[in-house]
Structures are given as structure tokens and as C-alpha cells.
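This report concerns only the one structure given below.
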Amino acid sequence: MPPEGELRYPSPPLTDSTTTIDDEAGWVWAQIKAEARRDAESEPALASYLYSTILSHSSLERSLSFHLGNKLCSSTLLSTLLYDLFLNTFTSDPGLRVAAVADLRAARARDPACVSFSHCLLNYKGFLACQAHRVAHKLWNQSRRPLALALHSRISDVFAVDIHPAAKIGKGILFDHATGVVIGETAVIGNNVSILHHVTLGGTGKASGDRHPKIGDGVLIGAGATILGNVKIGEGAKIGAGSVVLIDVPPRTTTVGNPARLVGGKEKPAKLEECPGESMDHTSFISDWSDYII
């Protein structure tokens, strides 16, 4: 049962072939508006804010575009210009809406501190940085690179999240806390990945070309982890907090430490049965890896 006062409606199944993109986005948008109405009634001080950012808009794309425009604007980069840029990009590419909805659902499902979809939309800087990055990435691929880099700079300034506009990011992404995340130009992140704060997906020096990590689907990367170079993190792997990874990590394994080592050893590493990027289990390996006690 949901906590008292929490709004929940029957969710359309993600795997149902009859569920369209519009059905899924429409369901999440209905949730967001219902949550905003509830919050406006319970906290009148937020009523005007909630009306302008959510309740006055007819779609998730319009609300998100308005909110990002106001978050990322400056004295010379006007909110109206950014609103038009975001809205035109979101409406011209349905894949961006699909990714935004998947990211909202990821935060709601994986983070116990995420009390509502509207809370994520309004307040989760990791979510907002990721959606703005998707637009910057689209601009980059359209050879509108000065604008992509200007947007990248604003995202870094406002959200303290530095994602190069060329980096490729899947859907169902959770940047939990997000502060200090750095993702390099040729990095690739798969679907249903969870990344904690102060994670670096970087290069190893001045080398050009394909030089950044490739993160498989369902990976969990703990806080403060550093992954350097064109290495592959296999599907469903877990990178422990504070680890420094310089070589490939096999699928469904756990690596911890500095330098990182596979739990269970290189020859027969322990295999994970669950998907850590979705379970968010950071410490299940401890009893097998360490005799550390307090």
C-alpha cells in the first residue's frame, strides 16, 4: 500500500505491446499534475510556483521545457529562447519523451527519497541535467556544436554535472544526488543504469579518439567511483563506491577497491543474479570480500 496521502493510479505495464508511447507519457503526466494539485492545496506558498511550472501546461514536454528554460537561463541566454529550443527538440523527437518518462520512473522506483514524480521533475538535478544533456546531444549531432557546448556549460554551472554533449546516454537512467558527475566525450551509457554522485567516466590523458568508458545496461556505479579509459563495464556489473577501474569488468560481477579487484577473484568472480542498476544494492558483496568490522 502507498503511504498515506500518496497518489497512485494503476500503471500501464511497460512490456505490454498495446501500451503506446502516448499512454505511458500520459499516465505519468496525469500523476504529476495530480501530485502538483495536492501539494498546492497543502502548501499554499508553493501554489503559484506549481501552477507556473506544472499545472498551467498541457504536456510533460511543455512543463519540462519551461522548467529547464528557467533553470538554465542567464542574463544573455534568455529563458524564452531556451524554452523554444527545448520544446522544439522534445516535440520533434519522441525518443526524448520516452527517455524522460523512463528516467522519471527510474527515480521513483529506485530512490526511496523520491516521494513523487513531481518531486523528481521539479527538484532532482540529476534528472534535469540528463534531460538537458539529451537536447545538447541532439544539437551536437545536428552540427549545432557552439549551441550544444553553450548548453553544456550552463548545465555544468547550474547542476554541477559535467556531461560532454557528444556522450551517448540510454534511458531509465538515475543520477542519484548527481553532484560532481563527470562524463567524457566518447563515453557510452546503456539503459537502466544508476550512477551516484562524484562518479567520473574519464580518459587517461591527452589521447584523442575513442577514449572513454562504455557502460553496459543495468550497471550500478557507486559514489566516488572513477572509471578511466576506453574500458567496458559489462551488463549488470556493480562498481563499488570509491573504486578506481582501469580495465574491463565482466558482466554480472562486482569490482571494488583502488585499484579495483573482482569480488571472488579474477578466475572465478562471484556472479550477480539481480540487476544492480535497478536493485540499488551497494553492499551485498561485503561479507564475501572483506573481514572489516567496527
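Following the order of the C-alpha cells, first chain is A, next is B, and so on, with residues numbered from 1 inside each chain and ligands from 1 in the order they appear.
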
Region 88-199 of chain A residues near region 23-46 of chain A within 8 Å, closest pair each, using only C-alpha atoms, as JSON lines:
{"residue": "A:Arg97", "atom": "CA", "partner": "A:Ala25", "partner_atom": "CA", "distance": 7.5}
{"residue": "A:Val98", "atom": "CA", "partner": "A:Ala25", "partner_atom": "CA", "distance": 7.3}
{"residue": "A:Val101", "atom": "CA", "partner": "A:Ala25", "partner_atom": "CA", "distance": 6.2}
{"residue": "A:Ser116", "atom": "CA", "partner": "A:Glu35", "partner_atom": "CA", "distance": 7.2}
{"residue": "A:Phe117", "atom": "CA", "partner": "A:Ile32", "partner_atom": "CA", "distance": 5.7}
{"residue": "A:Ser118", "atom": "CA", "partner": "A:Ile32", "partner_atom": "CA", "distance": 4.9}

Could you write out that same residue set with C-alpha atoms as a compact mmCIF listing (two decimals), in the first residue's frame?
# COMPACT_ATOMS: atom_id res chain seq x y z
CA ARG A 97 9.97 11.92 -24.31
CA VAL A 98 10.28 8.14 -23.91
CA VAL A 101 9.44 9.14 -18.78
CA SER A 116 6.63 11.67 -6.12
CA PHE A 117 7.10 12.09 -9.87
CA SER A 118 6.57 15.83 -9.49

Could you pull out the residues in region 34-266 of chain A that DSSP calls strand (DSSP E or B) from the backbone, as a ChimeraX atom specification?
-> /A:162-163,168-169,174-176,182-183,188-189,194-196,200-202,214-215,220-221,226-228,232-233,238-239,244-245,249,254-256,261-262

Region 85-89 of chain A environment, 7 Å, only C-alpha atoms, sequence neighbours closer than 6 positions dropped, as a ChimeraX atom specification = /A:61-62,65,135

For Ala106 (chain A), the nearest of the candidates A:Pro94, A:Gly265, A:Gly277, A:Gly240, counting only C-alpha atoms = A:Gly277

Have a look at A:Ala237, A:Leu220, A:Val263, A:Ala148 and name the one nearest to His282 (chain A); count only C-alpha atoms.
-> A:Leu220

Would you mind listing what lies within 10 Å of Lys171 (chain A) as a list in words, with only C-alpha atoms counted and same-chain residues fewer than 6 positions away left out?
->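 The filter keeps Gly95, Leu96, Val98, Ala99, Ala100, Val101, Ala102, Asp103, Leu104, Ala106, Cys130, Ile189, Gly190, Asn191, Asn192, Val193 and Asp217 of chain A.
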
Would you mind exporting the chosen residues as an mmCIF file, in the first residue's frame, restricted to all heavy atoms?
data_model
loop_
_atom_site.group_PDB
_atom_site.id
_atom_site.type_symbol
_atom_site.label_atom_id
_atom_site.label_comp_id
_atom_site.auth_asym_id
_atom_site.auth_seq_id
_atom_site.Cartn_x
_atom_site.Cartn_y
_atom_site.Cartn_z
ATOM 1 N N GLY A 95 11.605 9.980 -29.058
ATOM 2 C CA GLY A 95 12.519 9.203 -28.238
ATOM 3 C C GLY A 95 12.960 9.948 -26.992
ATOM 4 O O GLY A 95 13.233 9.324 -25.951
ATOM 5 N N LEU A 96 13.032 11.271 -27.067
ATOM 6 C CA LEU A 96 13.425 12.056 -25.900
ATOM 7 C C LEU A 96 12.337 12.018 -24.831
ATOM 8 O O LEU A 96 12.631 11.992 -23.634
ATOM 9 C CB LEU A 96 13.720 13.502 -26.314
ATOM 10 C CG LEU A 96 14.884 13.694 -27.288
ATOM 11 C CD1 LEU A 96 15.100 15.177 -27.564
ATOM 12 C CD2 LEU A 96 16.157 13.072 -26.739
ATOM 13 N N VAL A 98 10.201 9.498 -24.452
ATOM 14 C CA VAL A 98 10.276 8.140 -23.909
ATOM 15 C C VAL A 98 11.372 8.059 -22.855
ATOM 16 O O VAL A 98 11.177 7.479 -21.774
ATOM 17 C CB VAL A 98 10.538 7.130 -25.039
ATOM 18 C CG1 VAL A 98 10.824 5.738 -24.468
ATOM 19 C CG2 VAL A 98 9.350 7.061 -25.986
ATOM 20 N N ALA A 99 12.536 8.633 -23.158
ATOM 21 C CA ALA A 99 13.658 8.591 -22.221
ATOM 22 C C ALA A 99 13.341 9.362 -20.942
ATOM 23 O O ALA A 99 13.677 8.913 -19.833
ATOM 24 C CB ALA A 99 14.907 9.150 -22.885
ATOM 25 N N ALA A 100 12.699 10.525 -21.070
ATOM 26 C CA ALA A 100 12.351 11.320 -19.889
ATOM 27 C C ALA A 100 11.394 10.565 -18.981
ATOM 28 O O ALA A 100 11.551 10.557 -17.754
ATOM 29 C CB ALA A 100 11.749 12.655 -20.315
ATOM 30 N N VAL A 101 10.394 9.922 -19.571
ATOM 31 C CA VAL A 101 9.438 9.145 -18.775
ATOM 32 C C VAL A 101 10.141 7.968 -18.093
ATOM 33 O O VAL A 101 9.904 7.684 -16.918
ATOM 34 C CB VAL A 101 8.273 8.651 -19.669
ATOM 35 C CG1 VAL A 101 7.415 7.635 -18.935
ATOM 36 C CG2 VAL A 101 7.426 9.829 -20.122
ATOM 37 N N ALA A 102 11.025 7.289 -18.828
ATOM 38 C CA ALA A 102 11.768 6.169 -18.245
ATOM 39 C C ALA A 102 12.652 6.644 -17.096
ATOM 40 O O ALA A 102 12.796 5.950 -16.074
ATOM 41 C CB ALA A 102 12.609 5.487 -19.321
ATOM 42 N N ASP A 103 13.245 7.820 -17.233
ATOM 43 C CA ASP A 103 14.090 8.364 -16.168
ATOM 44 C C ASP A 103 13.264 8.729 -14.937
ATOM 45 O O ASP A 103 13.695 8.512 -13.799
ATOM 46 C CB ASP A 103 14.843 9.595 -16.662
ATOM 47 C CG ASP A 103 15.863 9.283 -17.746
ATOM 48 O OD1 ASP A 103 16.114 8.089 -18.005
ATOM 49 O OD2 ASP A 103 16.394 10.240 -18.340
ATOM 50 N N LEU A 104 12.077 9.301 -15.157
ATOM 51 C CA LEU A 104 11.188 9.623 -14.044
ATOM 52 C C LEU A 104 10.800 8.350 -13.279
ATOM 53 O O LEU A 104 10.830 8.308 -12.050
ATOM 54 C CB LEU A 104 9.928 10.325 -14.552
ATOM 55 C CG LEU A 104 10.065 11.801 -14.922
ATOM 56 C CD1 LEU A 104 8.850 12.258 -15.727
ATOM 57 C CD2 LEU A 104 10.204 12.662 -13.670
ATOM 58 N N ALA A 106 12.436 5.564 -13.235
ATOM 59 C CA ALA A 106 13.627 5.012 -12.588
ATOM 60 C C ALA A 106 13.855 5.663 -11.228
ATOM 61 O O ALA A 106 14.115 4.982 -10.223
ATOM 62 C CB ALA A 106 14.838 5.195 -13.484
ATOM 63 N N CYS A 130 20.205 15.433 -16.993
ATOM 64 C CA CYS A 130 20.166 14.390 -18.020
ATOM 65 C C CYS A 130 19.258 14.790 -19.173
ATOM 66 O O CYS A 130 19.598 14.597 -20.345
ATOM 67 C CB CYS A 130 19.702 13.079 -17.392
ATOM 68 S SG CYS A 130 19.854 11.651 -18.489
ATOM 69 N N ILE A 189 26.660 5.154 -22.204
ATOM 70 C CA ILE A 189 25.952 4.582 -21.063
ATOM 71 C C ILE A 189 24.704 3.891 -21.577
ATOM 72 O O ILE A 189 23.913 4.483 -22.318
ATOM 73 C CB ILE A 189 25.585 5.671 -20.035
ATOM 74 C CG1 ILE A 189 26.841 6.342 -19.487
ATOM 75 C CG2 ILE A 189 24.755 5.092 -18.897
ATOM 76 C CD1 ILE A 189 26.563 7.523 -18.578
ATOM 77 N N GLY A 190 24.514 2.635 -21.193
ATOM 78 C CA GLY A 190 23.368 1.862 -21.645
ATOM 79 C C GLY A 190 22.085 2.229 -20.926
ATOM 80 O O GLY A 190 21.973 3.289 -20.295
ATOM 81 N N ASN A 191 21.106 1.332 -20.979
ATOM 82 C CA ASN A 191 19.804 1.552 -20.350
ATOM 83 C C ASN A 191 19.792 1.045 -18.921
ATOM 84 O O ASN A 191 20.540 0.130 -18.554
ATOM 85 C CB ASN A 191 18.711 0.836 -21.147
ATOM 86 C CG ASN A 191 18.601 1.346 -22.564
ATOM 87 O OD1 ASN A 191 18.745 2.539 -22.830
ATOM 88 N ND2 ASN A 191 18.346 0.445 -23.499
ATOM 89 N N ASN A 192 18.914 1.649 -18.111
ATOM 90 C CA ASN A 192 18.670 1.198 -16.729
ATOM 91 C C ASN A 192 19.941 1.187 -15.888
ATOM 92 O O ASN A 192 20.182 0.262 -15.102
ATOM 93 C CB ASN A 192 18.008 -0.182 -16.728
ATOM 94 C CG ASN A 192 16.707 -0.193 -17.503
ATOM 95 O OD1 ASN A 192 15.891 0.706 -17.341
ATOM 96 N ND2 ASN A 192 16.524 -1.184 -18.359
ATOM 97 N N VAL A 193 20.726 2.227 -16.043
ATOM 98 C CA VAL A 193 21.971 2.401 -15.290
ATOM 99 C C VAL A 193 21.739 3.398 -14.159
ATOM 100 O O VAL A 193 21.038 4.394 -14.337
ATOM 101 C CB VAL A 193 23.096 2.900 -16.218
ATOM 102 C CG1 VAL A 193 24.343 3.288 -15.423
ATOM 103 C CG2 VAL A 193 23.434 1.849 -17.258
ATOM 104 N N ASP A 217 24.147 -2.121 -19.970
ATOM 105 C CA ASP A 217 22.820 -2.000 -19.378
ATOM 106 C C ASP A 217 22.831 -2.518 -17.937
ATOM 107 O O ASP A 217 23.515 -3.494 -17.603
ATOM 108 C CB ASP A 217 21.794 -2.805 -20.169
ATOM 109 C CG ASP A 217 21.581 -2.284 -21.576
ATOM 110 O OD1 ASP A 217 21.998 -1.140 -21.874
ATOM 111 O OD2 ASP A 217 20.970 -3.012 -22.397
#

DSSP-assigned alpha helix (DSSP H) members of region 50-190 of chain A, reported as a ChimeraX atom specification | /A:50,60-72,79-92,94-110,117-123,125-141,145-159

Would you mind exporting the chosen residues as a PDB file, in the first residue's frame, restricted to C-alpha atoms?
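Writing the result to result-v1.pdb gives the following:
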ATOM      1  CA  LEU A  50       3.396  24.733  -9.072  1.00  0.00           C
ATOM      2  CA  LEU A  60       5.141  16.888 -19.860  1.00  0.00           C
ATOM      3  CA  GLU A  61       7.285  18.271 -22.692  1.00  0.00           C
ATOM      4  CA  ARG A  62       5.947  21.805 -22.176  1.00  0.00           C
ATOM      5  CA  SER A  63       6.354  21.660 -18.409  1.00  0.00           C
ATOM      6  CA  LEU A  64       9.888  20.257 -18.647  1.00  0.00           C
ATOM      7  CA  SER A  65      10.872  22.802 -21.311  1.00  0.00           C
ATOM      8  CA  PHE A  66       9.552  25.682 -19.200  1.00  0.00           C
ATOM      9  CA  HIS A  67      11.311  24.449 -16.068  1.00  0.00           C
ATOM     10  CA  LEU A  68      14.646  23.795 -17.796  1.00  0.00           C
ATOM     11  CA  GLY A  69      14.464  27.167 -19.536  1.00  0.00           C
ATOM     12  CA  ASN A  70      14.087  28.939 -16.205  1.00  0.00           C
ATOM     13  CA  LYS A  71      16.755  26.845 -14.503  1.00  0.00           C
ATOM     14  CA  LEU A  72      19.402  27.287 -17.205  1.00  0.00           C
ATOM     15  CA  SER A  79      14.563  31.661 -20.767  1.00  0.00           C
ATOM     16  CA  THR A  80      12.209  32.215 -23.715  1.00  0.00           C
ATOM     17  CA  LEU A  81      14.927  31.184 -26.168  1.00  0.00           C
ATOM     18  CA  LEU A  82      15.712  28.084 -24.130  1.00  0.00           C
ATOM     19  CA  TYR A  83      12.028  27.205 -23.772  1.00  0.00           C
ATOM     20  CA  ASP A  84      11.581  27.265 -27.542  1.00  0.00           C
ATOM     21  CA  LEU A  85      14.775  25.257 -28.026  1.00  0.00           C
ATOM     22  CA  PHE A  86      13.791  22.566 -25.528  1.00  0.00           C
ATOM     23  CA  LEU A  87      10.188  22.337 -26.671  1.00  0.00           C
ATOM     24  CA  ASN A  88      11.061  22.116 -30.370  1.00  0.00           C
ATOM     25  CA  THR A  89      13.613  19.392 -29.641  1.00  0.00           C
ATOM     26  CA  PHE A  90      11.359  17.347 -27.349  1.00  0.00           C
ATOM     27  CA  THR A  91       8.378  17.513 -29.694  1.00  0.00           C
ATOM     28  CA  SER A  92      10.405  16.688 -32.812  1.00  0.00           C
ATOM     29  CA  PRO A  94       9.529  11.183 -29.483  1.00  0.00           C
ATOM     30  CA  GLY A  95      12.519   9.203 -28.238  1.00  0.00           C
ATOM     31  CA  LEU A  96      13.425  12.056 -25.900  1.00  0.00           C
ATOM     32  CA  ARG A  97       9.973  11.919 -24.306  1.00  0.00           C
ATOM     33  CA  VAL A  98      10.276   8.140 -23.909  1.00  0.00           C
ATOM     34  CA  ALA A  99      13.658   8.591 -22.221  1.00  0.00           C
ATOM     35  CA  ALA A 100      12.351  11.320 -19.889  1.00  0.00           C
ATOM     36  CA  VAL A 101       9.438   9.145 -18.775  1.00  0.00           C
ATOM     37  CA  ALA A 102      11.768   6.169 -18.245  1.00  0.00           C
ATOM     38  CA  ASP A 103      14.090   8.364 -16.168  1.00  0.00           C
ATOM     39  CA  LEU A 104      11.188   9.623 -14.044  1.00  0.00           C
ATOM     40  CA  ARG A 105      10.058   6.071 -13.393  1.00  0.00           C
ATOM     41  CA  ALA A 106      13.627   5.012 -12.588  1.00  0.00           C
ATOM     42  CA  ALA A 107      13.985   7.687  -9.914  1.00  0.00           C
ATOM     43  CA  ARG A 108      10.582   6.897  -8.437  1.00  0.00           C
ATOM     44  CA  ALA A 109      11.276   3.167  -8.284  1.00  0.00           C
ATOM     45  CA  ARG A 110      14.917   3.153  -7.174  1.00  0.00           C
ATOM     46  CA  PHE A 117       7.104  12.089  -9.867  1.00  0.00           C
ATOM     47  CA  SER A 118       6.570  15.834  -9.488  1.00  0.00           C
ATOM     48  CA  HIS A 119       9.323  15.990  -6.868  1.00  0.00           C
ATOM     49  CA  CYS A 120      11.718  14.415  -9.361  1.00  0.00           C
ATOM     50  CA  LEU A 121      10.609  16.693 -12.203  1.00  0.00           C
ATOM     51  CA  LEU A 122      11.000  19.839 -10.144  1.00  0.00           C
ATOM     52  CA  ASN A 123      13.873  19.114  -7.785  1.00  0.00           C
ATOM     53  CA  LYS A 125      19.070  17.980 -10.596  1.00  0.00           C
ATOM     54  CA  GLY A 126      20.384  14.660 -11.904  1.00  0.00           C
ATOM     55  CA  PHE A 127      17.134  14.143 -13.798  1.00  0.00           C
ATOM     56  CA  LEU A 128      17.098  17.727 -15.084  1.00  0.00           C
ATOM     57  CA  ALA A 129      20.757  17.627 -16.111  1.00  0.00           C
ATOM     58  CA  CYS A 130      20.166  14.390 -18.020  1.00  0.00           C
ATOM     59  CA  GLN A 131      17.180  15.783 -19.938  1.00  0.00           C
ATOM     60  CA  ALA A 132      19.069  18.958 -20.813  1.00  0.00           C
ATOM     61  CA  HIS A 133      22.017  16.832 -21.920  1.00  0.00           C
ATOM     62  CA  ARG A 134      19.766  14.888 -24.286  1.00  0.00           C
ATOM     63  CA  VAL A 135      18.910  18.162 -26.015  1.00  0.00           C
ATOM     64  CA  ALA A 136      22.585  19.196 -26.133  1.00  0.00           C
ATOM     65  CA  HIS A 137      23.420  15.778 -27.612  1.00  0.00           C
ATOM     66  CA  LYS A 138      20.767  16.253 -30.275  1.00  0.00           C
ATOM     67  CA  LEU A 139      22.229  19.663 -31.147  1.00  0.00           C
ATOM     68  CA  TRP A 140      25.727  18.144 -31.290  1.00  0.00           C
ATOM     69  CA  ASN A 141      24.579  15.522 -33.775  1.00  0.00           C
ATOM     70  CA  ARG A 145      28.025  22.479 -31.760  1.00  0.00           C
ATOM     71  CA  PRO A 146      28.521  26.031 -30.435  1.00  0.00           C
ATOM     72  CA  LEU A 147      24.980  25.958 -29.045  1.00  0.00           C
ATOM     73  CA  ALA A 148      25.465  22.413 -27.707  1.00  0.00           C
ATOM     74  CA  LEU A 149      28.631  23.488 -25.893  1.00  0.00           C
ATOM     75  CA  ALA A 150      26.977  26.634 -24.522  1.00  0.00           C
ATOM     76  CA  LEU A 151      24.153  24.494 -23.138  1.00  0.00           C
ATOM     77  CA  HIS A 152      26.689  22.016 -21.738  1.00  0.00           C
ATOM     78  CA  SER A 153      28.414  24.868 -19.919  1.00  0.00           C
ATOM     79  CA  ARG A 154      25.160  26.077 -18.380  1.00  0.00           C
ATOM     80  CA  ILE A 155      24.244  22.539 -17.250  1.00  0.00           C
ATOM     81  CA  SER A 156      27.633  22.247 -15.554  1.00  0.00           C
ATOM     82  CA  ASP A 157      27.319  25.669 -13.911  1.00  0.00           C
ATOM     83  CA  VAL A 158      23.768  25.193 -12.628  1.00  0.00           C
ATOM     84  CA  PHE A 159      23.632  21.490 -11.753  1.00  0.00           C
TER      85      PHE A 159
END

Of the candidates A:His57, A:Lys206, A:Lys238, A:Arg144, which one gets nearest to Pro276 (chain A) if we count only C-alpha atoms?
->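 Answer, going by the shortest atom-to-atom distance: A:Lys238.
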
Would you list the contacts of region 160-162 of chain A as a list in words, taking every protein, DNA or RNA residue within 6 Å and counting only C-alpha atoms, but skipping same-chain residues closer than 4 positions in sequence?
->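 Here the answer would be Ser156, Thr179, Gly180, Val181 and Val182 of chain A.
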
What is the distance, in Å and to one decimal place, between CA of Gly202 (chain A) and CA of Met280 (chain A)?
->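 CA of Met280 (chain A) lies at a distance of 22.9 Å from CA of Gly202 (chain A).
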
From CA of Gly234 (chain A) to CA of Ile215 (chain A) the spacing works out at 6.8 Å

Best match for closeness to Thr283 (chain A) among A:Gly184, A:Gly222, A:Gly216, A:Gly229, counting only C-alpha atoms |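 Closest to Thr283 (chain A) of all the choices is A:Gly222.
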
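Counting only C-alpha atoms and comparing A:His164, A:Ser284, A:Gly224, A:Arg211, the residue that lies closest to Ala178 (chain A) is A:Gly224.
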
Hey, what's within 12 Å of Glu267 (chain A) if we count only C-alpha atoms and toss same-chain stuff fewer than 4 positions away? As a VMD selection string, please?
-> chain A and resid 250 253 261 to 263 271

Would you work out the distance separating CA of Val249 (chain A) from CA of Ile233 (chain A), expressed in Å to one decimal?
-> 4.8 Å
